[in-house]
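S.K.: The following block contains the structure, expressed as structure tokens.
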Amino acid sequence: MADTSFDVLILGAGSGGYACALRAAQLGLTVGIVEKDKVGGTCLHVGCVPTKALLHAAEVADSARDSEQFGVKASLEGIDMAGVNAYKDGVVTRLFKGLTGLVRSRGITLIEGEGRLTGPAEISVDGTAYTGRHVVLASGSYSRTLPGLEVDGERVLTSEHALRLDRVPASVVVLGGGVIGCEFASVWRSFGAEVTIVEALPRLVAGEDEASSKALERAFRKRGIALRTGTRFESVKDTGSGVAVTVEGGEVIEAELMLVAVGRGPRTEGLGYEEQGIATERGFVTADERCRTSVEGVYAVGDIVAGLQVAHRGFAQGIFVAEDIAGLDPRPVDESAIPRVTYSHPEIASVGLDEATAARTWGAEGIESLTYDLGGNGKSQILKTQGFVKLVRRKDGPVVGVHLVGDRVGELIGEAQLIYAWEGYPEDVAPLIHAHPTQNEALGEAHLALAGKPLHAHA
């Protein structure tokens with residue numbers, strides 16, 4: 001029974017599942033984790049990590065292409081996708097080996113195979129039933145498509161297919177202007193492809209502050225990426241040499257490939273959840289702030305719970321659940337304090353509320369905002385990047401939103417999260433000393449300005 005009965009039994013070894021397993025084992029609990037593919041899940045193998053490796057390769061390509069503006073004579077001879085993929089896969093392999101080593105060193109039992117919930121405390125894998133005093137559902141997500149839109153993996157791709165491409169396409173239509181669509185559009189444009197983004201909503205990355213969306217759209221247009229925002233997709237046809245994409249209004253856009261990047265859905269169907277009484281809504285498992293489902297003793301974490309679908313949310317929820325099971329009474333994850341980053345060129349990063357949401361919450365007269373242009377930031381000028389730091393605060397109150405645009409600004413979001421989560425006032429942040437010249441300094445400058453004492457900005 002020791003091999004099939006655990007204190008914590010987890011279905012899915014992605015970000016949320018393995019974080020829960022590692023922390024639970026650290027706390028002295030026996031842990032079994034079921035995974036049909038590889039430990040690390042979407043994020044490590046077909047999501048966050050490999051896409052960011054592509055984005056870094058794209059940054060290197062841009063640096064070579066634009067080197068003369070820095071006084072360096074170099075040329076971009078082309079993109080060797082075999083070499084790019086070898087670099088990308090090498091990063092993933094090293095992280096995967098490290099992660100599997102961690103799991104093994106903590107004494108966690110890895111159960112390989114397709115699991116299904118067959119009881120409130122039971123998961124069956126290939127005919128063997130495993131039980132847990134507590135069960136954690138962490139089965140992750142899949143690439144969505146649209147009704148009637150068939151993904152063939154050849155001409156019409158999901159992000160998983162795109163990561164395996166052995167060539168740079170001459171032209172691509174990206175269906176969806178969210179995070180995934182914008183990141184792939186950015187990569188392919190840097191690699192030399194002609195790119196058109198089709199987005200049904202009025203703007204790109206619609207979950208971000210409107211100013212951030214507009215800045216990204218300007219930058220993309222300057223890079224030669226064509227945008228069709230506020231435009232619905234109607235159909236796609238294989239032309240034999242590519243695709244012909246028809247959009248609202250009858251316009252036909254021809255390209256070599258089409259990427260379907262319309263979001264990710266929860267992987268819950270066919271896993272026995274509803275049969276065991278687990279409440280769901282639109283496919284997502286219904287869970288409270290403590291990640292508890294409608295069935296006693298069963299938790300849910302990560303992408304199967306409605307909310308921001310990012311790996312670090314899964315990590316935080318997994319750690320929380322492990323500590324909750326161990327009786328440590330941890331504080332629930334604050335969803336609004338989860339940082340968001342789009343790793344395009346330029347990057348977008350944010351935490352907290354955008355200006356429109358803050359205005360709806362406290363009234364337009366109850367908030368104020370300030371935008372500090374990166375033109376006044378020395379390191380940003382050295383990097384030749386444009387963008388801004390935008391702060392939103394309650395009138396005479398704390399900062400409730402931080403929004404960043406510019407190359408590498410994702411690295412600044414840690415301090416921004418601390419300011420937001422600690423309900424910092426601009427006057428609290430202004431005295432902090434930020435190293436010069438760094439992009440991090442721009443956060444300090446923005447808070448100085450909002451506190452009424454701007455330095456490298458006009459009063």
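Going by the structure tokens order, chains are called A, B, ..., each with residues numbered from 1, while ligands are numbered from 1 in the order shown.
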Pick out the residues sitting within 8 Å of A:Glu355, and hand them over as an NGL selection string; count only C-alpha atoms, and ignore anything fewer than 6 positions along from it in its own chain.

M.R.: :A and (209 or 369 or 392 or 401)

S.K.: Please identify all polymer residues within 7 Å of A:Gly314, counting only C-alpha atoms, omitting same-chain residues fewer than 2 positions from it, and present them as a list in words.

M.R.: Ser15, Gly16, Val301, Gly302, Val310, Ala311, His312, Ala316, Gln317 and Gly318 of chain A

S.K.: Going by DSSP on the backbone, which residues of stretch 311-433 of chain A come out as strand (DSSP E or B)? List them as JSON, numbers by chain.

M.R.: {"A": [340, 341, 342, 347, 348, 349, 350, 351, 352, 367, 368, 369, 370, 371, 372, 373, 388, 389, 390, 391, 392, 393, 394, 399, 400, 401, 402, 403, 404, 405, 406]}

S.K.: Calculated over only C-alpha atoms, which of the candidates A:Pro426, A:Gly140, A:Gly107, A:Gly263 has the smallest distance to A:Glu368?

M.R.: A:Pro426

S.K.: Can you tell me, as a list of chain:residue names, what residues are no more than 10 Å from A:Arg155 when counting only C-alpha atoms, ignoring any on the same chain fewer than 5 positions away?

M.R.: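 In the requested form, the answer reads A:His161, A:Val172, A:Val236, A:Lys237, A:Asp238, A:Thr239, A:Gly240, A:Ser241, A:Gly242, A:Val243, A:Ala255, A:Glu256, A:Leu257, A:Met258, A:Leu259.
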
S.K.: Those same residues - N, CA and C atoms - I'd like them written as a CSV table (one decimal), in the first residue's frame.

M.R.:
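Here's the written file result-v5.csv:
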```csv
chain,number,residue,atom,x,y,z
A,161,HIS,N,2.8,23.5,-32.6
A,161,HIS,CA,3.3,23.3,-33.9
A,161,HIS,C,4.4,24.3,-34.3
A,172,VAL,N,3.1,35.0,-42.4
A,172,VAL,CA,2.2,34.3,-41.5
A,172,VAL,C,1.1,35.3,-41.1
A,236,VAL,N,-10.6,30.1,-43.5
A,236,VAL,CA,-9.3,29.9,-44.0
A,236,VAL,C,-9.4,28.8,-45.1
A,237,LYS,N,-8.6,28.9,-46.1
A,237,LYS,CA,-8.6,27.9,-47.2
A,237,LYS,C,-7.1,27.6,-47.6
A,238,ASP,N,-6.9,26.3,-47.7
A,238,ASP,CA,-5.6,25.9,-48.2
A,238,ASP,C,-5.5,26.1,-49.7
A,239,THR,N,-4.5,26.9,-50.1
A,239,THR,CA,-4.3,27.2,-51.5
A,239,THR,C,-3.3,26.3,-52.2
A,240,GLY,N,-2.8,25.3,-51.5
A,240,GLY,CA,-1.8,24.5,-52.1
A,240,GLY,C,-0.4,24.9,-51.8
A,241,SER,N,-0.2,26.2,-51.8
A,241,SER,CA,1.1,26.8,-51.5
A,241,SER,C,1.1,27.6,-50.2
A,242,GLY,N,-0.1,27.7,-49.6
A,242,GLY,CA,-0.2,28.5,-48.4
A,242,GLY,C,-1.7,28.5,-47.9
A,243,VAL,N,-2.1,29.6,-47.3
A,243,VAL,CA,-3.4,29.8,-46.9
A,243,VAL,C,-4.0,31.1,-47.4
A,255,ALA,N,-1.0,34.0,-47.1
A,255,ALA,CA,0.3,33.8,-46.4
A,255,ALA,C,0.7,32.4,-46.5
A,256,GLU,N,1.9,32.1,-46.1
A,256,GLU,CA,2.4,30.7,-46.1
A,256,GLU,C,1.7,29.9,-45.0
A,257,LEU,N,1.5,30.5,-43.8
A,257,LEU,CA,1.0,29.8,-42.7
A,257,LEU,C,0.0,30.6,-41.9
A,258,MET,N,-0.8,30.0,-41.1
A,258,MET,CA,-1.6,30.7,-40.1
A,258,MET,C,-1.4,30.1,-38.8
A,259,LEU,N,-1.2,31.0,-37.8
A,259,LEU,CA,-1.1,30.6,-36.4
A,259,LEU,C,-2.4,30.9,-35.7
```

S.K.: Using only C-alpha atoms, which residue out of A:Glu281, A:Val198, A:Ile338, A:Gly14 lies closest to A:Glu251?

M.R.: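 Smallest separation from A:Glu251 among the options: A:Val198.
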
S.K.: Do you know which residues are at most 9 Å from A:Val49 counting only C-alpha atoms, after dropping those on the same chain fewer than 6 positions away, and could you put them as a PyMOL selection string?

M.R.: chain A and resi 43+88+91-92

S.K.: Rounded to one decimal place, report the atom CA of A:Val351-atom CA of A:Ile413 distance in Å.

M.R.: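 Separating atom CA of A:Val351 from atom CA of A:Ile413 is a distance of 7.4 Å.
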
S.K.: Given the choices A:Gln309, A:Gln276, A:Ser67, A:Asn85, which gets closest to A:Ser294 if the distance is worked out from only C-alpha atoms?

M.R.: A:Gln276

S.K.: Give me the residues near A:Thr30 as a PyMOL selection string, where near means some atom within 12 Å (using only C-alpha atoms) and where sequence neighbours in that chain fewer than 5 positions away do not count.

M.R.: chain A and resi 2-10+20-25+106-110+131-134+322+325-326

S.K.: So which residues of stretch 122-170 of chain A fall under alpha helix (DSSP H) by DSSP, listed as a PDB file with N, CA, C and O atoms, in the first residue's frame?

M.R.:
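selection-v2.pdb written:
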```pdb
ATOM      1  N   SER A 159       0.453  27.035 -31.237  1.00  0.00           N
ATOM      2  CA  SER A 159       1.788  27.410 -30.754  1.00  0.00           C
ATOM      3  C   SER A 159       2.698  26.197 -30.617  1.00  0.00           C
ATOM      4  O   SER A 159       3.915  26.289 -30.826  1.00  0.00           O
ATOM      5  N   GLU A 160       2.127  25.030 -30.271  1.00  0.00           N
ATOM      6  CA  GLU A 160       2.940  23.817 -30.155  1.00  0.00           C
ATOM      7  C   GLU A 160       3.575  23.456 -31.498  1.00  0.00           C
ATOM      8  O   GLU A 160       4.751  23.098 -31.577  1.00  0.00           O
ATOM      9  N   HIS A 161       2.788  23.542 -32.574  1.00  0.00           N
ATOM     10  CA  HIS A 161       3.334  23.274 -33.906  1.00  0.00           C
ATOM     11  C   HIS A 161       4.387  24.315 -34.280  1.00  0.00           C
ATOM     12  O   HIS A 161       5.427  24.000 -34.864  1.00  0.00           O
ATOM     13  N   ALA A 162       4.094  25.574 -33.947  1.00  0.00           N
ATOM     14  CA  ALA A 162       5.003  26.664 -34.313  1.00  0.00           C
ATOM     15  C   ALA A 162       6.370  26.487 -33.675  1.00  0.00           C
ATOM     16  O   ALA A 162       7.397  26.833 -34.270  1.00  0.00           O
TER      17      ALA A 162
END
```

S.K.: When you count only C-alpha atoms, which of these residues is closest to A:Leu95: A:Leu412, A:Pro50, A:Gln439, A:Leu450?

M.R.: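 Checking each candidate against A:Leu95, we get A:Pro50 as the closest.
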
S.K.: Show which residues sit within 8 Å of A:Leu55, as an mmCIF file with C-alpha atoms, in the first residue's frame. Count only C-alpha atoms, and ignore same-chain residues fewer than 6 positions away.

M.R.:
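Listing of selection_0.cif after writing:
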```cif
data_model
loop_
_atom_site.group_PDB
_atom_site.id
_atom_site.type_symbol
_atom_site.label_atom_id
_atom_site.label_comp_id
_atom_site.auth_asym_id
_atom_site.auth_seq_id
_atom_site.Cartn_x
_atom_site.Cartn_y
_atom_site.Cartn_z
ATOM 1 C CA GLU A 183 5.118 36.993 -28.972
ATOM 2 C CA SER A 186 7.471 39.474 -32.761
ATOM 3 C CA VAL A 187 9.741 36.445 -33.235
ATOM 4 C CA TYR A 343 7.891 39.200 -23.972
ATOM 5 C CA SER A 344 7.564 40.821 -27.383
#
```

S.K.: Looking at only C-alpha atoms, which of A:Glu323, A:Thr196, A:Val262, A:Ala449 is the one that sits closest to A:Arg290?

M.R.: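 Smallest distance to A:Arg290 is found for A:Glu323.
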